[in-house]
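To start, the structure itself, in structure tokens.
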Amino acid sequence: MDKTLAIVTIVAALAAVVEGKGVCNDLHRDCANWAKKGHCTGKNKEYMLSHCPISCGTCQFECADKDDSCPSWAKLGECEKNKASMLSLCPTSCGICAPVCKDVSPDCKIWHSTDIRFDQCTTNPEFMLRNCPVTCSTCTSTCKDMHADCPGWTASGECNSNAAHMYMTCPHSCDACKSNQRHECHDFNATQCDIWAKAAECHNNPEVVIPMCPSSCGVCTTVCIDRDESCHQWAISGECDKESARPFMLKTCPSSCGVCHELEKIGATKDEL
Ligand SMILES: *[C@@H]1O[C@H](CO)[C@@H](O)[C@H](O)[C@H]1NC(C)=O
């Protein structure tokens with residue numbers, strides 16, 4: 001139990017470090033091995049740069065767009081046309097960097113209502129989706145690695161040999177959110193998961209319990225990412241700026257529509273105050 005608490009504390013500390021900034025994760029377990037074999041520069045370069053950005057050095061673990069024009073360049077299709085330079089200059093707008101989200105106002109919970117007639121997230125989306133991204137679900141709860149070395153540790157089998165620690169620190173690489181297709185962070189049964197978490201089962205039986213109960217086991221991070229694979233193409237065809245499509249687009253495609261870029265800027269400004 002003490003060990004669990006210690007690990008939870010470490011993960012919380014790591015999460016605090018990246019707050020406001022984003023995290024960049026590899027998409028495949030084998031990335032570190034592929035990179036070691038030279039695939040980051042070979043004929044699979046284009047694929048590797050976007051799917052194994054940590055192992056190929058496309059972005060730093062702690063990441064953010066480096067230019068204010070990133071959202072506009074992304075909407076012009078530059079992420080594809082100039083992949084190598086755009087992915088490192090604009091990792092958030094090109095979708096490989098996921099800013100960690102937090103609500104800006106303590107009133108978000110009051111403004112949000114389950115009755116859509118009174119729900120500010122629905123009636124006032126431009127303001128709300130930016131200032132209350134957690135409450136208004138602009139952001140997605142998912143499994144993100146909280147350490148830059150996760151791909152390497154994963155490639156050398158640590159998810160099995162050191163499961164309790166690894167699932168907590170590297171839930172993305174260890175596939176802790178594999179229970180649903182979109183890799184969102186959901187407990188299969190909140191009541192049962194709560195019972196297991198209180199009985200320290202997340203720690204005692206991590207390989208089975210954490211993938212079933214990622215939320216109760218505390219491995220979820222709320223980040224700004226697109227929710228649909230077509231987002232980038234929709235953004236390029238102008239959907240983010242069409243009045244009729246905009247409310248849907250801002251919520252479904254926050255990365256491609258530039259909302260994630262704004263969120264990480266708000267986070268950075270707040271941290272400097
Ligand atoms: C969830 O778990 C509880 C406690 O074990 C159980 O009583 C309940 O039937 C489960 N719910 C579903 C929908 O499986």
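Residues are referred to by chain and number: the chain letter is A, B, ... according to the order shown in the structure tokens, the number counts from 1 in that chain, and ligands are numbered separately from 1 in the order shown.
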
Which residues are near ligand 1 - at most 7 Å, using only C-alpha atoms and all ligand atoms? Format: as an mmCIF file with C-alpha atoms, in the first residue's frame.
```
data_model
loop_
_atom_site.group_PDB
_atom_site.id
_atom_site.type_symbol
_atom_site.label_atom_id
_atom_site.label_comp_id
_atom_site.auth_asym_id
_atom_site.auth_seq_id
_atom_site.Cartn_x
_atom_site.Cartn_y
_atom_site.Cartn_z
ATOM 1 C CA ASN A 189 -17.542 -1.039 -14.036
ATOM 2 C CA ALA A 190 -17.052 1.940 -11.738
ATOM 3 C CA THR A 191 -18.487 0.187 -8.659
ATOM 4 C CA GLN A 192 -16.294 -2.878 -9.044
#
```

Counting only C-alpha atoms, which residues of stretch 59-155 of chain A sit at most 8 Å from some atom of stretch 27-41 of chain A, and what is each one's closest atom pair with its distance in Å to one decimal, listed by chain and rising residue number, as CSV?
```
residue,atom,partner,partner_atom,distance
A:Pro151,CA,A:Ala32,CA,5.6
A:Gly152,CA,A:Ala32,CA,5.5
A:Thr154,CA,A:Arg29,CA,6.7
A:Ala155,CA,A:Ala32,CA,6.2
```

Using N, CA and C atoms, can you write the selected residues to a file as a compact mmCIF listing (two decimals), in the first residue's frame?
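Contents of the output file part.txt:
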```
# COMPACT_ATOMS: atom_id res chain seq x y z
N PRO A 151 9.11 4.50 -23.93
CA PRO A 151 9.26 3.59 -25.07
C PRO A 151 10.43 2.62 -24.89
N GLY A 152 11.54 3.11 -24.38
CA GLY A 152 12.70 2.24 -24.17
C GLY A 152 12.45 1.18 -23.11
N THR A 154 9.57 0.03 -22.23
CA THR A 154 8.57 -0.88 -22.75
C THR A 154 9.21 -1.90 -23.70
N ALA A 155 10.09 -1.40 -24.56
CA ALA A 155 10.75 -2.28 -25.54
C ALA A 155 11.59 -3.34 -24.84
```

* To do: Tell me, as a list in words, which residues lie within 10 Å of A:Cys121, counting only C-alpha atoms; anything in the same chain fewer than 4 positions away does not count.
  => Cys108, Trp111, His112, Ser113, Thr114, Ile116, Pro125, Glu126, Phe127, Met128, Leu129, Arg130, Asn131, Cys132, Pro133, Thr135, Cys136, Ser137, Thr138, Pro247 and Lys251 of chain A

Go ahead and save the residues from that selection, with N, CA and C atoms, as a PDB file, in the first residue's frame.
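Written file, part-v7.pdb:
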```pdb
ATOM      1  N   CYS A 108     -16.623  26.848 -13.821  1.00  0.00           N
ATOM      2  CA  CYS A 108     -16.979  25.962 -14.950  1.00  0.00           C
ATOM      3  C   CYS A 108     -18.112  25.005 -14.603  1.00  0.00           C
ATOM      4  N   TRP A 111     -21.445  26.751 -14.716  1.00  0.00           N
ATOM      5  CA  TRP A 111     -21.886  27.130 -16.063  1.00  0.00           C
ATOM      6  C   TRP A 111     -22.363  25.925 -16.865  1.00  0.00           C
ATOM      7  N   HIS A 112     -21.810  24.761 -16.537  1.00  0.00           N
ATOM      8  CA  HIS A 112     -22.178  23.546 -17.278  1.00  0.00           C
ATOM      9  C   HIS A 112     -23.472  22.973 -16.715  1.00  0.00           C
ATOM     10  N   SER A 113     -24.367  22.544 -17.611  1.00  0.00           N
ATOM     11  CA  SER A 113     -25.598  21.912 -17.156  1.00  0.00           C
ATOM     12  C   SER A 113     -25.869  20.695 -18.021  1.00  0.00           C
ATOM     13  N   THR A 114     -26.501  19.668 -17.456  1.00  0.00           N
ATOM     14  CA  THR A 114     -26.839  18.485 -18.257  1.00  0.00           C
ATOM     15  C   THR A 114     -28.047  18.791 -19.152  1.00  0.00           C
ATOM     16  N   ILE A 116     -29.284  20.780 -21.996  1.00  0.00           N
ATOM     17  CA  ILE A 116     -28.533  21.532 -23.007  1.00  0.00           C
ATOM     18  C   ILE A 116     -29.060  22.947 -23.231  1.00  0.00           C
ATOM     19  N   PRO A 125     -20.146  28.143 -26.908  1.00  0.00           N
ATOM     20  CA  PRO A 125     -18.987  27.251 -27.057  1.00  0.00           C
ATOM     21  C   PRO A 125     -17.649  27.960 -27.245  1.00  0.00           C
ATOM     22  N   GLU A 126     -17.645  29.097 -27.950  1.00  0.00           N
ATOM     23  CA  GLU A 126     -16.361  29.752 -28.241  1.00  0.00           C
ATOM     24  C   GLU A 126     -15.606  30.056 -26.948  1.00  0.00           C
ATOM     25  N   PHE A 127     -16.321  30.586 -25.966  1.00  0.00           N
ATOM     26  CA  PHE A 127     -15.693  30.919 -24.686  1.00  0.00           C
ATOM     27  C   PHE A 127     -15.481  29.669 -23.836  1.00  0.00           C
ATOM     28  N   MET A 128     -16.526  28.864 -23.743  1.00  0.00           N
ATOM     29  CA  MET A 128     -16.513  27.748 -22.793  1.00  0.00           C
ATOM     30  C   MET A 128     -15.515  26.643 -23.157  1.00  0.00           C
ATOM     31  N   LEU A 129     -15.453  26.278 -24.439  1.00  0.00           N
ATOM     32  CA  LEU A 129     -14.573  25.170 -24.811  1.00  0.00           C
ATOM     33  C   LEU A 129     -13.111  25.506 -24.541  1.00  0.00           C
ATOM     34  N   ARG A 130     -12.793  26.819 -24.535  1.00  0.00           N
ATOM     35  CA  ARG A 130     -11.422  27.243 -24.252  1.00  0.00           C
ATOM     36  C   ARG A 130     -11.155  27.382 -22.755  1.00  0.00           C
ATOM     37  N   ASN A 131     -12.169  27.901 -22.016  1.00  0.00           N
ATOM     38  CA  ASN A 131     -11.934  28.202 -20.605  1.00  0.00           C
ATOM     39  C   ASN A 131     -12.321  27.069 -19.665  1.00  0.00           C
ATOM     40  N   CYS A 132     -13.174  26.172 -20.146  1.00  0.00           N
ATOM     41  CA  CYS A 132     -13.596  25.036 -19.327  1.00  0.00           C
ATOM     42  C   CYS A 132     -13.400  23.742 -20.124  1.00  0.00           C
ATOM     43  N   PRO A 133     -12.187  23.498 -20.629  1.00  0.00           N
ATOM     44  CA  PRO A 133     -12.008  22.362 -21.549  1.00  0.00           C
ATOM     45  C   PRO A 133     -12.223  20.998 -20.898  1.00  0.00           C
ATOM     46  N   THR A 135     -14.425  20.419 -18.096  1.00  0.00           N
ATOM     47  CA  THR A 135     -15.869  20.337 -17.832  1.00  0.00           C
ATOM     48  C   THR A 135     -16.665  20.182 -19.124  1.00  0.00           C
ATOM     49  N   CYS A 136     -16.297  20.907 -20.179  1.00  0.00           N
ATOM     50  CA  CYS A 136     -17.047  20.863 -21.432  1.00  0.00           C
ATOM     51  C   CYS A 136     -16.583  19.724 -22.351  1.00  0.00           C
ATOM     52  N   SER A 137     -15.669  18.886 -21.877  1.00  0.00           N
ATOM     53  CA  SER A 137     -15.177  17.746 -22.667  1.00  0.00           C
ATOM     54  C   SER A 137     -14.560  18.155 -24.004  1.00  0.00           C
ATOM     55  N   THR A 138     -13.915  19.311 -24.052  1.00  0.00           N
ATOM     56  CA  THR A 138     -13.080  19.620 -25.216  1.00  0.00           C
ATOM     57  C   THR A 138     -11.943  18.608 -25.205  1.00  0.00           C
ATOM     58  N   PRO A 247     -19.378  24.511 -34.141  1.00  0.00           N
ATOM     59  CA  PRO A 247     -19.550  23.914 -32.804  1.00  0.00           C
ATOM     60  C   PRO A 247     -19.139  22.452 -32.761  1.00  0.00           C
ATOM     61  N   LYS A 251     -15.299  20.874 -30.908  1.00  0.00           N
ATOM     62  CA  LYS A 251     -15.348  19.829 -29.894  1.00  0.00           C
ATOM     63  C   LYS A 251     -14.731  18.515 -30.380  1.00  0.00           C
TER      64      LYS A 251
END
```

* To do: Would you please work out which residue, of A:Thr140, A:Ala245, A:His261, A:Thr252, is nearest to A:Ala74 when using only C-alpha atoms?
  =>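 Going through A:Thr140, A:Ala245, A:His261, A:Thr252 one by one, the smallest distance to A:Ala74 is for A:His261.
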
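Counting only C-alpha atoms, the residue from A:Ala98, A:Ala148, A:Cys220, A:Ile210 that sits nearest to A:Lys21 is A:Ala98.
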
* Hey, what does DSSP flag as strand (DSSP E) within stretch 70-216 of chain A? Can you give it to me as a count of residues only? -> 7

* DSSP on the backbone, then: every residue of stretch 113-270 of chain A marked alpha helix (DSSP H), written as an MDAnalysis selection string. => chainID A and resid 120:123 125:131 150:155 158:161 163:169 190:198 201:204 206:212 231:236 246:252 259:270

* Asked: What is the distance between atom CA of A:Cys260 and atom CA of A:Ile96, in Å to one decimal?
  ->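 Separating atom CA of A:Cys260 from atom CA of A:Ile96 is a distance of 11.5 Å.
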
* To do: Between atom CA of A:Pro91 and atom CA of A:Leu49, measure the distance and give it in Å to one decimal.
  =>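 Straight-line distance from atom CA of A:Pro91 to atom CA of A:Leu49 works out to 11.0 Å.
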
* **Selection: 10 Å around A:Gly95, only C-alpha atoms, excl. self and same-chain fewer than 5 positions, as a list in words** =>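 Listed by chain and then number, they are Cys24, Ser50, Ala74, Cys79, Leu87, Cys90, Cys224, Ile225, Asp226, Cys231, His232, Pro254, Ser255, Ser256 and Cys260 of chain A.
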
Kindly export the residues of the current selection with C-alpha atoms, as an mmCIF file, in the first residue's frame.
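And here's result.cif as it stands now:
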```cif
data_model
loop_
_atom_site.group_PDB
_atom_site.id
_atom_site.type_symbol
_atom_site.label_atom_id
_atom_site.label_comp_id
_atom_site.auth_asym_id
_atom_site.auth_seq_id
_atom_site.Cartn_x
_atom_site.Cartn_y
_atom_site.Cartn_z
ATOM 1 C CA CYS A 24 4.477 13.617 -26.885
ATOM 2 C CA SER A 50 4.620 10.797 -36.906
ATOM 3 C CA ALA A 74 -1.743 23.111 -40.262
ATOM 4 C CA CYS A 79 1.889 19.101 -41.703
ATOM 5 C CA LEU A 87 6.104 18.100 -36.820
ATOM 6 C CA CYS A 90 4.105 22.569 -34.622
ATOM 7 C CA CYS A 224 -6.419 17.968 -25.883
ATOM 8 C CA ILE A 225 -6.487 15.689 -28.949
ATOM 9 C CA ASP A 226 -8.673 15.156 -32.008
ATOM 10 C CA CYS A 231 -10.228 15.841 -38.393
ATOM 11 C CA HIS A 232 -7.106 16.972 -40.158
ATOM 12 C CA PRO A 254 -9.710 20.681 -31.167
ATOM 13 C CA SER A 255 -6.164 19.910 -32.319
ATOM 14 C CA SER A 256 -6.835 20.435 -36.033
ATOM 15 C CA CYS A 260 -5.302 22.822 -28.365
#
```

* Within 8 Å of A:Ile54, counting only C-alpha atoms, which residues show up once you throw out same-chain ones fewer than 2 positions away? Write them as a ChimeraX atom specification, please. => /A:24-26,52,56-61,148,151

* Asked: For the atom pair atom CA of A:Lys265 and atom CA of A:Thr142, what is the interatomic distance in Å to one decimal place?
  -> 21.2 Å

Exercise: A:His172 partners within 7 Å, only C-alpha atoms, chain neighbours under 3 positions left out, as a PDB file with C-alpha atoms, in the first residue's frame:
```pdb
ATOM      1  CA  CYS A 143      -3.625   6.975 -21.066  1.00  0.00           C
ATOM      2  CA  LYS A 144      -0.506   9.066 -21.629  1.00  0.00           C
ATOM      3  CA  ASP A 145       3.052   8.151 -20.767  1.00  0.00           C
ATOM      4  CA  ASP A 175      -1.629  -0.319 -23.316  1.00  0.00           C
ATOM      5  CA  ALA A 176      -3.551   0.445 -20.127  1.00  0.00           C
ATOM      6  CA  CYS A 177      -6.357   2.044 -22.181  1.00  0.00           C
TER       7      CYS A 177
END
```

* To do: Tell me which protein, DNA and RNA residues are within 10 Å of A:Pro211, counting only C-alpha atoms, leaving out same-chain ones fewer than 5 positions away, and put them as a ChimeraX atom specification.
  => /A:143,167,171,174-180,185-188,202,206,217,219

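Distances to A:Lys83 were evaluated for A:Trp234, A:Tyr47, A:Trp196, A:Trp153 using only C-alpha atoms, and the minimum falls at A:Tyr47.
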